[in-house]
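Structure data (mmCIF, C-alpha atoms) from model.cif:
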```cif
data_data
loop_
_atom_site.label_atom_id
_atom_site.label_comp_id
_atom_site.auth_asym_id
_atom_site.auth_seq_id
_atom_site.Cartn_x
_atom_site.Cartn_y
_atom_site.Cartn_z
CA MET A 21 -91.64 -138.75 -111.75
CA HIS A 22 -93.26 -141.74 -113.47
CA ASP A 23 -94.38 -141.06 -117.02
CA PRO A 24 -97.74 -142.84 -117.64
CA SER A 25 -97.16 -142.64 -121.40
CA ALA A 26 -93.93 -144.62 -121.24
CA LEU A 27 -93.45 -147.34 -123.82
CA GLY A 28 -94.88 -150.66 -122.71
CA GLU A 29 -97.20 -149.17 -120.08
CA ARG A 30 -100.63 -150.78 -119.95
CA ARG A 31 -102.71 -147.62 -120.28
CA PHE A 32 -106.24 -149.02 -120.63
CA GLY A 33 -106.95 -150.20 -117.09
CA ARG A 34 -107.24 -153.71 -115.71
CA VAL A 35 -109.20 -154.94 -118.74
CA ASN A 36 -108.48 -154.11 -122.36
CA TRP A 37 -112.14 -153.66 -123.24
CA LEU A 38 -111.41 -152.35 -126.73
CA GLY A 39 -109.11 -155.26 -127.53
CA LEU A 40 -111.56 -157.78 -126.09
CA TYR A 41 -114.44 -156.26 -128.06
CA THR A 42 -112.39 -156.24 -131.25
CA LEU A 43 -111.41 -159.92 -130.90
CA ALA A 44 -115.01 -160.92 -130.10
CA GLN A 45 -116.24 -158.90 -133.07
CA ARG A 46 -113.68 -160.52 -135.36
CA GLU A 47 -114.72 -164.02 -134.26
CA THR A 48 -118.40 -163.20 -134.73
CA ARG A 49 -117.95 -161.60 -138.13
CA ARG A 50 -115.81 -164.53 -139.23
CA PHE A 51 -118.70 -167.01 -139.06
CA LEU A 52 -121.40 -164.51 -140.07
CA SER A 53 -119.56 -163.83 -143.33
CA VAL A 54 -120.26 -167.46 -144.32
CA TRP A 55 -123.67 -167.78 -142.65
CA THR A 56 -124.90 -170.31 -145.20
CA GLN A 57 -122.26 -172.74 -143.88
CA THR A 58 -122.37 -171.80 -140.20
CA ILE A 59 -126.08 -171.07 -139.59
CA LEU A 60 -128.12 -172.43 -142.50
CA ALA A 61 -126.23 -175.72 -142.92
CA PRO A 62 -126.71 -176.82 -139.26
CA LEU A 63 -130.43 -176.03 -139.59
CA VAL A 64 -130.67 -178.24 -142.69
CA THR A 65 -128.67 -181.02 -140.99
CA ALA A 66 -130.95 -180.95 -137.93
CA GLY A 67 -133.98 -181.09 -140.22
CA LEU A 68 -132.53 -184.09 -142.06
CA PHE A 69 -132.02 -185.93 -138.76
CA ILE A 70 -135.67 -185.36 -137.85
CA LEU A 71 -136.83 -186.39 -141.34
CA ILE A 72 -134.73 -189.57 -141.44
CA PHE A 73 -135.85 -190.71 -137.99
CA SER A 74 -139.45 -189.90 -138.86
CA ILE A 75 -139.29 -192.01 -142.03
CA ALA A 76 -137.22 -194.84 -140.54
CA ILE A 77 -139.26 -195.30 -137.38
CA GLY A 78 -142.69 -194.31 -138.65
CA PRO A 79 -145.77 -193.27 -136.70
CA GLY A 80 -145.95 -196.53 -134.75
CA ARG A 81 -143.01 -195.71 -132.47
CA PRO A 82 -144.20 -195.68 -128.81
CA ASP A 83 -143.82 -192.57 -126.67
CA VAL A 84 -140.59 -191.95 -124.78
CA MET A 85 -140.93 -190.63 -121.22
CA GLY A 86 -144.55 -189.79 -121.96
CA VAL A 87 -143.96 -187.68 -125.08
CA PRO A 88 -143.92 -188.54 -128.82
CA PHE A 89 -140.54 -189.80 -130.00
CA LEU A 90 -139.88 -186.91 -132.41
CA THR A 91 -140.74 -184.42 -129.66
CA PHE A 92 -138.30 -186.22 -127.37
CA LEU A 93 -135.66 -186.31 -130.12
CA ALA A 94 -135.81 -182.62 -131.11
CA PRO A 95 -134.06 -181.10 -128.03
CA GLY A 96 -131.26 -183.67 -128.29
CA ILE A 97 -130.60 -182.83 -131.93
CA LEU A 98 -130.79 -179.13 -131.09
CA THR A 99 -128.16 -179.43 -128.36
CA MET A 100 -125.89 -181.72 -130.35
CA THR A 101 -125.90 -179.32 -133.30
CA VAL A 102 -125.24 -176.31 -131.09
CA ILE A 103 -122.27 -177.76 -129.23
CA GLN A 104 -120.70 -179.13 -132.42
CA ASN A 105 -120.87 -175.68 -133.99
CA ALA A 106 -119.46 -173.96 -130.90
CA PHE A 107 -116.56 -176.42 -130.92
CA ALA A 108 -115.99 -175.92 -134.65
CA ASN A 109 -115.99 -172.12 -134.35
CA THR A 110 -113.17 -171.81 -131.82
CA SER A 111 -111.14 -174.80 -132.99
CA SER A 112 -111.14 -173.81 -136.66
CA SER A 113 -110.25 -170.20 -135.87
CA VAL A 114 -107.16 -171.07 -133.82
CA MET A 115 -106.13 -174.03 -135.98
CA ILE A 116 -106.22 -172.05 -139.22
CA ALA A 117 -104.36 -169.16 -137.58
CA LYS A 118 -101.62 -171.53 -136.37
CA VAL A 119 -101.21 -173.29 -139.70
CA GLN A 120 -101.21 -170.05 -141.70
CA GLY A 121 -98.82 -168.44 -139.23
CA ASN A 122 -101.02 -165.43 -138.43
CA ILE A 123 -101.70 -166.49 -134.84
CA VAL A 124 -99.17 -163.77 -134.01
CA ASP A 125 -101.86 -161.21 -134.92
CA THR A 126 -103.76 -162.38 -131.84
CA LEU A 127 -100.75 -162.92 -129.56
CA MET A 128 -98.97 -159.60 -130.25
CA PRO A 129 -101.69 -157.13 -129.15
CA PRO A 130 -101.82 -156.24 -125.42
CA LEU A 131 -104.38 -158.90 -124.55
CA SER A 132 -104.14 -161.07 -121.45
CA ALA A 133 -104.82 -164.80 -121.52
CA VAL A 134 -108.27 -164.23 -120.01
CA GLU A 135 -109.11 -161.59 -122.62
CA ILE A 136 -108.05 -163.88 -125.48
CA LEU A 137 -110.08 -166.72 -123.97
CA LEU A 138 -113.19 -164.55 -123.61
CA GLY A 139 -112.81 -163.13 -127.10
CA TYR A 140 -112.71 -166.55 -128.73
CA LEU A 141 -115.52 -167.88 -126.55
CA ALA A 142 -117.71 -164.92 -127.50
CA GLY A 143 -117.64 -166.07 -131.11
CA GLY A 144 -118.42 -169.67 -130.16
CA VAL A 145 -121.33 -168.66 -127.94
CA ALA A 146 -122.73 -166.28 -130.56
CA ARG A 147 -122.67 -169.02 -133.19
CA GLY A 148 -124.16 -171.57 -130.80
CA VAL A 149 -127.02 -169.28 -129.76
CA LEU A 150 -127.84 -168.26 -133.35
CA VAL A 151 -127.90 -171.91 -134.43
CA ALA A 152 -130.14 -172.70 -131.45
CA LEU A 153 -132.56 -169.90 -132.37
CA ALA A 154 -132.74 -171.08 -135.98
CA ILE A 155 -133.42 -174.70 -135.01
CA THR A 156 -135.93 -173.68 -132.32
CA CYS A 157 -137.92 -171.71 -134.91
CA GLY A 158 -137.81 -174.74 -137.19
CA MET A 159 -139.01 -177.05 -134.40
CA ALA A 160 -141.88 -174.71 -133.61
CA LEU A 161 -142.99 -174.53 -137.26
CA VAL A 162 -142.58 -178.21 -138.19
CA LEU A 163 -143.18 -180.10 -134.93
CA GLY A 164 -145.07 -177.53 -132.91
CA VAL A 165 -142.47 -177.85 -130.12
CA VAL A 166 -142.12 -174.62 -128.14
CA PRO A 167 -139.74 -174.42 -125.13
CA HIS A 168 -141.48 -174.78 -121.77
CA HIS A 169 -138.74 -172.81 -120.01
CA PRO A 170 -137.06 -170.57 -122.64
CA VAL A 171 -134.77 -168.73 -120.20
CA LEU A 172 -133.47 -171.99 -118.73
CA ALA A 173 -132.98 -173.36 -122.25
CA LEU A 174 -130.91 -170.30 -123.14
CA VAL A 175 -128.80 -170.79 -120.01
CA PHE A 176 -128.01 -174.41 -120.91
CA ILE A 177 -127.36 -173.50 -124.56
CA ALA A 178 -124.95 -170.73 -123.55
CA LEU A 179 -123.24 -172.97 -120.97
CA GLY A 180 -122.88 -175.76 -123.52
CA SER A 181 -121.45 -173.33 -126.07
CA VAL A 182 -118.87 -172.10 -123.56
CA PHE A 183 -117.93 -175.65 -122.56
CA MET A 184 -117.50 -176.91 -126.11
CA GLY A 185 -115.97 -173.64 -127.29
CA ALA A 186 -113.30 -173.96 -124.59
CA LEU A 187 -112.83 -177.62 -125.50
CA GLY A 188 -112.34 -176.51 -129.10
CA LEU A 189 -109.58 -174.15 -127.97
CA VAL A 190 -107.87 -176.97 -126.06
CA ALA A 191 -108.00 -179.20 -129.14
CA ALA A 192 -106.75 -176.49 -131.51
CA ILE A 193 -103.90 -175.45 -129.22
CA PHE A 194 -102.82 -179.05 -128.72
CA ALA A 195 -103.06 -180.05 -132.39
CA THR A 196 -100.24 -179.07 -134.73
CA LYS A 197 -101.88 -180.11 -138.02
CA PHE A 198 -105.34 -180.67 -139.44
CA ASP A 199 -105.01 -184.46 -139.24
CA GLN A 200 -104.68 -184.27 -135.45
CA MET A 201 -107.63 -181.89 -135.27
CA ALA A 202 -109.76 -184.29 -137.32
CA ALA A 203 -108.77 -187.19 -135.06
CA ILE A 204 -109.81 -185.25 -131.94
CA THR A 205 -113.14 -184.37 -133.55
CA ASN A 206 -113.87 -187.90 -134.78
CA PHE A 207 -112.72 -189.90 -131.76
CA ILE A 208 -113.55 -187.58 -128.86
CA VAL A 209 -116.06 -184.86 -129.71
CA THR A 210 -118.43 -186.89 -131.92
CA PRO A 211 -118.72 -189.83 -129.46
CA LEU A 212 -119.30 -187.37 -126.60
CA ALA A 213 -122.21 -185.87 -128.53
CA PHE A 214 -123.75 -189.07 -129.92
CA LEU A 215 -123.38 -191.25 -126.80
CA SER A 216 -125.06 -188.83 -124.42
CA GLY A 217 -128.78 -189.44 -124.72
CA THR A 218 -129.26 -187.46 -127.93
CA PHE A 219 -131.39 -190.13 -129.59
CA TYR A 220 -132.56 -192.18 -126.60
CA SER A 221 -133.39 -192.10 -122.92
CA VAL A 222 -130.58 -193.44 -120.74
CA GLN A 223 -133.22 -195.41 -118.83
CA ALA A 224 -133.10 -197.91 -121.69
CA LEU A 225 -129.36 -198.51 -121.32
CA PRO A 226 -127.75 -201.45 -119.50
CA PRO A 227 -126.45 -200.53 -116.00
CA VAL A 228 -122.79 -200.23 -117.07
CA LEU A 229 -123.53 -197.93 -120.02
CA ASN A 230 -125.92 -195.95 -117.82
CA VAL A 231 -123.12 -195.24 -115.36
CA ILE A 232 -120.68 -194.32 -118.15
CA THR A 233 -123.22 -191.95 -119.70
CA HIS A 234 -123.71 -190.14 -116.39
CA ILE A 235 -119.97 -189.35 -116.33
CA ASN A 236 -120.28 -187.50 -119.65
CA PRO A 237 -120.95 -183.74 -119.10
CA VAL A 238 -122.60 -183.51 -122.54
CA PHE A 239 -125.35 -185.84 -121.26
CA TYR A 240 -126.30 -183.22 -118.66
CA LEU A 241 -126.28 -180.46 -121.29
CA ILE A 242 -128.66 -182.41 -123.52
CA ASP A 243 -130.80 -183.45 -120.57
CA GLY A 244 -130.98 -179.86 -119.32
CA VAL A 245 -132.08 -178.55 -122.70
CA ARG A 246 -134.58 -181.41 -123.02
CA PHE A 247 -136.13 -180.47 -119.67
CA SER A 248 -136.20 -176.79 -120.67
CA VAL A 249 -137.89 -177.54 -123.99
CA ILE A 250 -140.34 -180.37 -123.30
CA GLY A 251 -140.41 -180.58 -119.50
CA VAL A 252 -139.02 -184.13 -119.08
CA SER A 253 -135.50 -185.31 -118.27
CA ASP A 254 -133.48 -188.30 -117.10
CA SER A 255 -131.77 -186.40 -114.26
CA SER A 256 -132.21 -183.34 -112.08
CA PRO A 257 -131.69 -180.06 -114.00
CA VAL A 258 -130.01 -178.57 -110.91
CA LEU A 259 -127.53 -181.45 -110.76
CA GLY A 260 -126.97 -181.16 -114.51
CA PHE A 261 -126.29 -177.43 -114.34
CA THR A 262 -123.87 -177.89 -111.44
CA ILE A 263 -121.87 -180.60 -113.21
CA CYS A 264 -121.80 -178.67 -116.50
CA PHE A 265 -120.74 -175.47 -114.74
CA LEU A 266 -117.89 -177.18 -112.91
CA ALA A 267 -116.76 -178.98 -116.09
CA THR A 268 -116.82 -175.67 -117.97
CA LEU A 269 -114.74 -173.97 -115.28
CA ALA A 270 -112.19 -176.79 -115.42
CA VAL A 271 -111.81 -176.63 -119.22
CA CYS A 272 -111.63 -172.81 -119.20
CA ALA A 273 -108.93 -172.96 -116.53
CA LEU A 274 -106.96 -175.38 -118.72
CA VAL A 275 -107.26 -173.07 -121.74
CA TRP A 276 -106.20 -170.08 -119.65
CA ARG A 277 -103.11 -171.95 -118.52
CA MET A 278 -102.27 -172.93 -122.10
CA LEU A 279 -102.66 -169.37 -123.33
CA GLN A 280 -100.69 -167.92 -120.45
CA SER A 281 -97.77 -170.30 -120.98
CA GLY A 282 -97.86 -170.07 -124.78
CA TYR A 283 -98.10 -173.84 -125.08
CA ARG A 284 -98.04 -174.90 -128.76
CA LEU A 285 -99.32 -171.53 -129.94
CA LYS A 286 -96.68 -171.30 -132.64
CA VAL A 287 -96.26 -174.10 -135.15
#
```
Hey, can you dump this file as structure tokens for me?
Amino acid sequence: MHDPSALGERRFGRVNWLGLYTLAQRETRRFLSVWTQTILAPLVTAGLFILIFSIAIGPGRPDVMGVPFLTFLAPGILTMTVIQNAFANTSSSVMIAKVQGNIVDTLMPPLSAVEILLGYLAGGVARGVLVALAITCGMALVLGVVPHHPVLALVFIALGSVFMGALGLVAAIFATKFDQMAAITNFIVTPLAFLSGTFYSVQALPPVLNVITHINPVFYLIDGVRFSVIGVSDSSPVLGFTICFLATLAVCALVWRMLQSGYRLKV
């Protein structure tokens, strides 16, 4: 007769809920323990962007898409800050674990590739949402900008955090040292965030750059949040959500395959 307590038997059902919860809790506590760097610093950075643009451009700047320039700018800075922090949360966690050699602490427990993926993404999403809430409160107090569609804004923020969190996992798994991680951040992630309509409407771009921008999934994230916050956008929010959702699925599938195969998980 089969002994259910035999060594190696998976005795917690189809999903290791306790293991998944523990990993998610670890990733969340990791950034909360240094909240001045992970929550407060992004808020200050976003405020500096607003201040610098306000001083540099001045009150004479014409409206953009029918709204004041700083009002138009705020959702873009919000989204850019959120996705950069979601990327940093997952990428730094895996990269540090690989370099220090304690990635085995995550690989040894009875966690499937999907459970590891979800655990890491939980931390990235939590950090992204908390940063978004902090900046949204700041926008409301300083600029008087309150989201028109708060639920839709939360959906795009969460989707963007998952997308960039998964992209952070891809980068950290692929990289074998901090120099490679820095190169990925500087030459891929930063251009994706800055060249996606954060500071301008794509209607002002030349035709070629307009087409290139519409290929960038981050453009649709920023545009979706902008519509949710101030009610104007360069493209359809439904189209934007669809493209972002499909891009997120593709990146998550890639991470799952990397985790399942063990690709570059030990340095």
(request) Check the smallest atom-to-atom distance from each of A:Leu40, A:Ile77, A:Ala154, A:Val114 to Thr58 (chain A) using all atoms listed in the file, then report the winner. (result)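 Ranking A:Leu40, A:Ile77, A:Ala154, A:Val114 by distance to Thr58 (chain A), first place goes to A:Ala154.
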(message) Running the PyMOL selection byres ((chain A and resi 257-262) around 6) on this model by hand, what would come out? Give it as an MDAnalysis selection string.
(response) chainID A and resid 240 244 256 263:265
(message) Taking all atoms listed in the file into account, name the residue in A:Val119, A:Val35, A:Ile242, A:Leu71 that is nearest to Ile177 (chain A).
(response)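 Under the stated criterion, the closest residue is A:Ile242.
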(message) Could you tell me how far CA of Gly78 (chain A) sits from CA of Thr233 (chain A), in Å to one decimal place?
(response)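 Rounded to one decimal, the two atoms are 27.3 Å apart.
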(request) Step by step: start from the point (-116.4, -164.3, -129.1) in the file's coordinates, keep every protein, DNA or RNA residue that has an atom no farther than 7 Å from it, count only C-alpha atoms, and write the set as a ChimeraX atom specification. (result) /A:43-45,47-48,138-146
On this structure, the PyMOL selection byres ((chain A and resi 131) around 12) would catch which residues? List them as a short mmCIF file (atom, residue, chain, number, x, y, z; two decimals) with C-alpha atoms, in the frame of the given file, sorted by chain and number.
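As a result, result-v7.cif now contains:
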```cif
data_model
loop_
_atom_site.label_atom_id
_atom_site.label_comp_id
_atom_site.auth_asym_id
_atom_site.auth_seq_id
_atom_site.Cartn_x
_atom_site.Cartn_y
_atom_site.Cartn_z
CA ARG A 30 -100.63 -150.78 -119.95
CA PHE A 32 -106.24 -149.02 -120.63
CA GLY A 33 -106.95 -150.20 -117.09
CA ARG A 34 -107.24 -153.71 -115.71
CA VAL A 35 -109.20 -154.94 -118.74
CA ASN A 36 -108.48 -154.11 -122.36
CA TRP A 37 -112.14 -153.66 -123.24
CA LEU A 38 -111.41 -152.35 -126.73
CA GLY A 39 -109.11 -155.26 -127.53
CA LEU A 40 -111.56 -157.78 -126.09
CA TYR A 41 -114.44 -156.26 -128.06
CA THR A 42 -112.39 -156.24 -131.25
CA LEU A 43 -111.41 -159.92 -130.90
CA VAL A 124 -99.17 -163.77 -134.01
CA ASP A 125 -101.86 -161.21 -134.92
CA THR A 126 -103.76 -162.38 -131.84
CA LEU A 127 -100.75 -162.92 -129.56
CA MET A 128 -98.97 -159.60 -130.25
CA PRO A 129 -101.69 -157.13 -129.15
CA PRO A 130 -101.82 -156.24 -125.42
CA SER A 132 -104.14 -161.07 -121.45
CA ALA A 133 -104.82 -164.80 -121.52
CA VAL A 134 -108.27 -164.23 -120.01
CA GLU A 135 -109.11 -161.59 -122.62
CA ILE A 136 -108.05 -163.88 -125.48
CA LEU A 137 -110.08 -166.72 -123.97
CA LEU A 138 -113.19 -164.55 -123.61
CA GLY A 139 -112.81 -163.13 -127.10
CA LEU A 279 -102.66 -169.37 -123.33
CA GLN A 280 -100.69 -167.92 -120.45
#
```
(message) With the PyMOL selection byres ((chain A and resi 92-107) around 7) as the selection, what would be picked from this file? Answer as a ChimeraX atom specification, please.
(response) /A:62,66,84,87-91,108-111,144-145,147-148,151-152,155,180-181,184-185,187-188,213,218-219,242,245-246,249
Kindly output region 195-222 of chain A as a PDB file, keeping the file's coordinate frame, after building N, CA and C atoms.
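Resulting contents of result-v9.pdb:
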```pdb
ATOM      1  N   ALA A 195    -103.325-179.513-131.061  1.00  0.00           N
ATOM      2  CA  ALA A 195    -103.060-180.050-132.390  1.00  0.00           C
ATOM      3  C   ALA A 195    -102.054-179.162-133.131  1.00  0.00           C
ATOM      4  N   THR A 196    -101.214-179.804-133.936  1.00  0.00           N
ATOM      5  CA  THR A 196    -100.240-179.070-134.730  1.00  0.00           C
ATOM      6  C   THR A 196    -100.530-179.160-136.224  1.00  0.00           C
ATOM      7  N   LYS A 197    -101.490-180.009-136.613  1.00  0.00           N
ATOM      8  CA  LYS A 197    -101.880-180.110-138.020  1.00  0.00           C
ATOM      9  C   LYS A 197    -103.336-180.545-138.092  1.00  0.00           C
ATOM     10  N   PHE A 198    -103.921-180.400-139.266  1.00  0.00           N
ATOM     11  CA  PHE A 198    -105.340-180.670-139.440  1.00  0.00           C
ATOM     12  C   PHE A 198    -105.684-182.144-139.202  1.00  0.00           C
ATOM     13  N   ASP A 199    -104.752-183.037-139.481  1.00  0.00           N
ATOM     14  CA  ASP A 199    -105.010-184.460-139.240  1.00  0.00           C
ATOM     15  C   ASP A 199    -105.264-184.733-137.761  1.00  0.00           C
ATOM     16  N   GLN A 200    -104.489-184.099-136.899  1.00  0.00           N
ATOM     17  CA  GLN A 200    -104.680-184.270-135.450  1.00  0.00           C
ATOM     18  C   GLN A 200    -106.006-183.671-135.016  1.00  0.00           C
ATOM     19  N   MET A 201    -106.359-182.530-135.607  1.00  0.00           N
ATOM     20  CA  MET A 201    -107.630-181.890-135.270  1.00  0.00           C
ATOM     21  C   MET A 201    -108.801-182.775-135.677  1.00  0.00           C
ATOM     22  N   ALA A 202    -108.700-183.390-136.849  1.00  0.00           N
ATOM     23  CA  ALA A 202    -109.760-184.290-137.320  1.00  0.00           C
ATOM     24  C   ALA A 202    -109.881-185.508-136.411  1.00  0.00           C
ATOM     25  N   ALA A 203    -108.745-186.016-135.944  1.00  0.00           N
ATOM     26  CA  ALA A 203    -108.770-187.190-135.060  1.00  0.00           C
ATOM     27  C   ALA A 203    -109.466-186.847-133.740  1.00  0.00           C
ATOM     28  N   ILE A 204    -109.169-185.679-133.189  1.00  0.00           N
ATOM     29  CA  ILE A 204    -109.810-185.250-131.940  1.00  0.00           C
ATOM     30  C   ILE A 204    -111.321-185.128-132.134  1.00  0.00           C
ATOM     31  N   THR A 205    -111.716-184.551-133.270  1.00  0.00           N
ATOM     32  CA  THR A 205    -113.140-184.370-133.550  1.00  0.00           C
ATOM     33  C   THR A 205    -113.845-185.715-133.708  1.00  0.00           C
ATOM     34  N   ASN A 206    -113.230-186.625-134.455  1.00  0.00           N
ATOM     35  CA  ASN A 206    -113.870-187.900-134.780  1.00  0.00           C
ATOM     36  C   ASN A 206    -113.900-188.878-133.606  1.00  0.00           C
ATOM     37  N   PHE A 207    -112.839-188.876-132.797  1.00  0.00           N
ATOM     38  CA  PHE A 207    -112.720-189.900-131.760  1.00  0.00           C
ATOM     39  C   PHE A 207    -113.053-189.416-130.348  1.00  0.00           C
ATOM     40  N   ILE A 208    -113.218-188.111-130.191  1.00  0.00           N
ATOM     41  CA  ILE A 208    -113.550-187.580-128.860  1.00  0.00           C
ATOM     42  C   ILE A 208    -114.856-186.796-128.889  1.00  0.00           C
ATOM     43  N   VAL A 209    -114.909-185.758-129.727  1.00  0.00           N
ATOM     44  CA  VAL A 209    -116.060-184.860-129.710  1.00  0.00           C
ATOM     45  C   VAL A 209    -117.331-185.553-130.217  1.00  0.00           C
ATOM     46  N   THR A 210    -117.238-186.229-131.358  1.00  0.00           N
ATOM     47  CA  THR A 210    -118.430-186.890-131.920  1.00  0.00           C
ATOM     48  C   THR A 210    -118.989-187.963-130.980  1.00  0.00           C
ATOM     49  N   PRO A 211    -118.154-188.864-130.419  1.00  0.00           N
ATOM     50  CA  PRO A 211    -118.720-189.830-129.460  1.00  0.00           C
ATOM     51  C   PRO A 211    -119.338-189.155-128.230  1.00  0.00           C
ATOM     52  N   LEU A 212    -118.719-188.079-127.739  1.00  0.00           N
ATOM     53  CA  LEU A 212    -119.300-187.370-126.600  1.00  0.00           C
ATOM     54  C   LEU A 212    -120.707-186.877-126.910  1.00  0.00           C
ATOM     55  N   ALA A 213    -120.907-186.401-128.148  1.00  0.00           N
ATOM     56  CA  ALA A 213    -122.210-185.870-128.530  1.00  0.00           C
ATOM     57  C   ALA A 213    -123.230-186.968-128.808  1.00  0.00           C
ATOM     58  N   PHE A 214    -122.811-188.023-129.510  1.00  0.00           N
ATOM     59  CA  PHE A 214    -123.750-189.070-129.920  1.00  0.00           C
ATOM     60  C   PHE A 214    -124.098-190.026-128.779  1.00  0.00           C
ATOM     61  N   LEU A 215    -123.144-190.291-127.881  1.00  0.00           N
ATOM     62  CA  LEU A 215    -123.380-191.250-126.800  1.00  0.00           C
ATOM     63  C   LEU A 215    -123.741-190.527-125.502  1.00  0.00           C
ATOM     64  N   SER A 216    -124.695-189.636-125.594  1.00  0.00           N
ATOM     65  CA  SER A 216    -125.060-188.830-124.420  1.00  0.00           C
ATOM     66  C   SER A 216    -126.559-188.647-124.281  1.00  0.00           C
ATOM     67  N   GLY A 217    -127.327-189.549-124.843  1.00  0.00           N
ATOM     68  CA  GLY A 217    -128.780-189.440-124.720  1.00  0.00           C
ATOM     69  C   GLY A 217    -129.414-188.569-125.781  1.00  0.00           C
ATOM     70  N   THR A 218    -128.693-188.284-126.862  1.00  0.00           N
ATOM     71  CA  THR A 218    -129.260-187.460-127.930  1.00  0.00           C
ATOM     72  C   THR A 218    -130.469-188.122-128.559  1.00  0.00           C
ATOM     73  N   PHE A 219    -130.355-189.419-128.844  1.00  0.00           N
ATOM     74  CA  PHE A 219    -131.390-190.130-129.590  1.00  0.00           C
ATOM     75  C   PHE A 219    -132.184-191.110-128.728  1.00  0.00           C
ATOM     76  N   TYR A 220    -131.905-191.173-127.447  1.00  0.00           N
ATOM     77  CA  TYR A 220    -132.560-192.180-126.600  1.00  0.00           C
ATOM     78  C   TYR A 220    -132.546-191.706-125.153  1.00  0.00           C
ATOM     79  N   SER A 221    -133.403-192.334-124.361  1.00  0.00           N
ATOM     80  CA  SER A 221    -133.390-192.100-122.920  1.00  0.00           C
ATOM     81  C   SER A 221    -132.395-193.068-122.285  1.00  0.00           C
ATOM     82  N   VAL A 222    -131.591-192.584-121.367  1.00  0.00           N
ATOM     83  CA  VAL A 222    -130.580-193.440-120.740  1.00  0.00           C
ATOM     84  C   VAL A 222    -131.227-194.517-119.866  1.00  0.00           C
TER      85      VAL A 222
END
```
